[in-house]
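This report concerns only the one structure given below.
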Amino acid sequence: MLTRTLRRLATCPRMFTRCLSSTFPAPQTPCHLEEREGTSKEITKEYTSVQPLLRVLLIRHAESVNNRLYKELCDSGRARLWDEWRHADPPLTEEGWQQAEQLATRLERNLELYDFDGRGMSISKIYTSAMHRAMQTALPLHRYLKTPTEIWPSIHETGGIFHVKQGILRGHTFNQIGVEFAGFHVPRETVGERGWWRGGSETYAQMVERADTTKLSLFDMAQDIDEDTTVCKSHLFSLLC
């Protein structure tokens with residue numbers, strides 16, 4: 001649901017979202033600049049090349065312990081054990097770490113994956129949720145791309161951190177993130193000494209409200225792009241959910 005909501009941001013005239021695994025319509029040229037008889041193609045080209053743009057890559061975390069466990073339980077006919085055996089905040093598997101490394105090197109070496117229209121874009125910021133698997137996936141990106149990386153708890157996966165046989169869970173604390181993910185910016189106002197999660201399982205209504213708030217935050221980011229001072233006149237953010 002959160003991903004579907006974020007995809008709808010493509011309708012914003014100053015924002016274009018694109019996921020590595022999905023295709024979205026290209027930004028539309030305003031109707032008054034559409035090519036008509038007597039209208040120069042250069043005018044249209046100039047418009048699309050200079051307009052400020054916030055492009056967002058939506059990246060899912062690499063394989064986690066829960067991803068592997070769920071497959072193994074389903075394959076062996078023991079899916080009923082999922083709720084008891086699942087990890088509340090699973091780390092990546094060894095294969096997941098390899099996937100994260102491959103993602104980072106691929107983005108580092110293949111600029112056309114995100115600068116596909118030749119704007120000269122580069123990834124200017126990485127945002128990751130505070131879930132362990134997402135932060136671990138972001139770590140190689142942070143190192144390979146040398147890009148500022150910030151914890152954004154609100155973009156976490158549906159449900160939050162919970163387990164049927166464990167009490168109130170809070171997730172990683174400010175200090176724990178600082179030690180394991182040195183170099184990440186951790187906002188103290190949302191990640192405290194007791195963790196970042198409020199506890200319990202998130203309801204559907206709470207998830208929808210959070211998705212809407214995240215959508216508005218991205219709109220605000222798009223509006224904050226300074227048309228006069230932005231060198232590339234474009235921003236590229238990466239969200240790891």
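Chain labels follow the order of the structure tokens: the first chain is A, the next B, and so on; residue numbering restarts at 1 in every chain, and ligands are counted from 1 in their shown order.
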Contacts of Ala79 of chain A at 10 Å or less, counting only C-alpha atoms, minus same-chain residues fewer than 6 places along, as a list in words?
Leu69, Tyr70, Lys71, Glu72, Leu73 and Trp85 of chain A
Those same residues, written as an mmCIF file, in the first residue's frame with all heavy atoms?
```
data_model
loop_
_atom_site.group_PDB
_atom_site.id
_atom_site.type_symbol
_atom_site.label_atom_id
_atom_site.label_comp_id
_atom_site.auth_asym_id
_atom_site.auth_seq_id
_atom_site.Cartn_x
_atom_site.Cartn_y
_atom_site.Cartn_z
ATOM 1 N N LEU A 69 13.043 -17.756 5.632
ATOM 2 C CA LEU A 69 12.264 -18.637 6.498
ATOM 3 C C LEU A 69 10.878 -18.911 5.914
ATOM 4 O O LEU A 69 10.417 -20.054 5.906
ATOM 5 C CB LEU A 69 12.124 -18.015 7.884
ATOM 6 C CG LEU A 69 11.197 -18.746 8.869
ATOM 7 C CD1 LEU A 69 11.734 -20.145 9.178
ATOM 8 C CD2 LEU A 69 11.035 -17.930 10.147
ATOM 9 N N TYR A 70 10.220 -17.864 5.434
ATOM 10 C CA TYR A 70 8.863 -18.027 4.895
ATOM 11 C C TYR A 70 8.855 -18.990 3.712
ATOM 12 O O TYR A 70 7.977 -19.850 3.600
ATOM 13 C CB TYR A 70 8.306 -16.670 4.478
ATOM 14 C CG TYR A 70 6.861 -16.722 4.056
ATOM 15 C CD1 TYR A 70 5.846 -16.866 4.996
ATOM 16 C CD2 TYR A 70 6.509 -16.643 2.714
ATOM 17 C CE1 TYR A 70 4.516 -16.935 4.612
ATOM 18 C CE2 TYR A 70 5.186 -16.710 2.317
ATOM 19 C CZ TYR A 70 4.193 -16.843 3.274
ATOM 20 O OH TYR A 70 2.875 -16.919 2.875
ATOM 21 N N LYS A 71 9.830 -18.857 2.843
ATOM 22 C CA LYS A 71 9.920 -19.758 1.691
ATOM 23 C C LYS A 71 10.141 -21.194 2.143
ATOM 24 O O LYS A 71 9.494 -22.124 1.635
ATOM 25 C CB LYS A 71 11.060 -19.315 0.771
ATOM 26 C CG LYS A 71 11.168 -20.154 -0.511
ATOM 27 C CD LYS A 71 12.301 -19.660 -1.390
ATOM 28 C CE LYS A 71 12.328 -20.415 -2.711
ATOM 29 N NZ LYS A 71 12.436 -21.877 -2.550
ATOM 30 N N GLU A 72 11.028 -21.379 3.101
ATOM 31 C CA GLU A 72 11.316 -22.737 3.577
ATOM 32 C C GLU A 72 10.095 -23.360 4.246
ATOM 33 O O GLU A 72 9.800 -24.542 4.050
ATOM 34 C CB GLU A 72 12.496 -22.702 4.553
ATOM 35 C CG GLU A 72 13.818 -22.357 3.887
ATOM 36 C CD GLU A 72 14.956 -22.221 4.893
ATOM 37 O OE1 GLU A 72 14.655 -22.227 6.121
ATOM 38 O OE2 GLU A 72 16.118 -22.117 4.466
ATOM 39 N N LEU A 73 9.353 -22.573 5.030
ATOM 40 C CA LEU A 73 8.155 -23.096 5.695
ATOM 41 C C LEU A 73 7.070 -23.452 4.685
ATOM 42 O O LEU A 73 6.407 -24.493 4.811
ATOM 43 C CB LEU A 73 7.621 -22.066 6.697
ATOM 44 C CG LEU A 73 8.464 -21.828 7.953
ATOM 45 C CD1 LEU A 73 7.847 -20.737 8.818
ATOM 46 C CD2 LEU A 73 8.609 -23.126 8.766
ATOM 47 N N TRP A 85 7.644 -18.432 14.403
ATOM 48 C CA TRP A 85 9.056 -18.548 14.051
ATOM 49 C C TRP A 85 9.652 -17.279 13.438
ATOM 50 O O TRP A 85 10.870 -17.128 13.412
ATOM 51 C CB TRP A 85 9.257 -19.720 13.090
ATOM 52 C CG TRP A 85 9.128 -21.060 13.750
ATOM 53 C CD1 TRP A 85 8.506 -21.346 14.931
ATOM 54 C CD2 TRP A 85 9.637 -22.302 13.265
ATOM 55 N NE1 TRP A 85 8.579 -22.684 15.220
ATOM 56 C CE2 TRP A 85 9.274 -23.311 14.205
ATOM 57 C CE3 TRP A 85 10.340 -22.691 12.141
ATOM 58 C CZ2 TRP A 85 9.593 -24.646 14.039
ATOM 59 C CZ3 TRP A 85 10.664 -24.025 11.965
ATOM 60 C CH2 TRP A 85 10.293 -24.995 12.920
#
```
Atom CA of Arg80 of chain A sits from atom CA of Trp197 of chain A at a separation of 26.5 Å
If you run DSSP on this backbone, which residues of segment 42-194 of chain A come out as alpha helix (DSSP H), and could you give them as number ranges by chain?
A: 42-50, 65-75, 82-85, 94-109, 132-145, 174-180
Record the distance separating atom CA of Arg86 of chain A and atom CA of Phe162 of chain A, expressed in Å with one decimal.
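It comes out at 9.8 Å.
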Please provide as a list in words all residues within 9 Å of Ala134 of chain A, with the sequence filter that same-chain residues fewer than 2 positions apart are discarded (counting only C-alpha atoms).
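Skipping anything fewer than 2 positions along the chain leaves Arg60, His61, Ala62, Pro91, Leu92, Thr128, Ser129, Ala130, Met131, His132, Gln136, Thr137, Ala138, Leu139, His156, Leu240 and Cys241 of chain A.
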Strand (DSSP E) positions in segment 64-215 of chain A, given as number ranges by chain:
A: 125-128, 149-151
Considering only C-alpha atoms, return as a count of residues only whatever protein or nucleic-acid residues lie within 8 Å of Trp196 of chain A, sequence-local ones (same chain, fewer than 2 positions apart) excluded.
11
Residues near segment 95-108 of chain A, anyone? I mean within 12 Å using only C-alpha atoms, not counting same-chain ones fewer than 4 positions away, as a ChimeraX atom specification.
/A:20,57,59-68,90-91,112-115,122-123,126,133-147,238,240
Ranking A:Met207, A:Gly200, A:Lys125, A:Thr214 by minimum distance to Gln166 of chain A and counting only C-alpha atoms, which one comes first?
A:Gly200
In Å, how far is it from atom CA of Glu180 of chain A to atom CA of Ser154 of chain A?
20.2 Å
Which of these, A:Met121, A:Val208, A:Cys74, A:Val186, has the shortest distance to Trp152 of chain A once you count only C-alpha atoms?
A:Val186
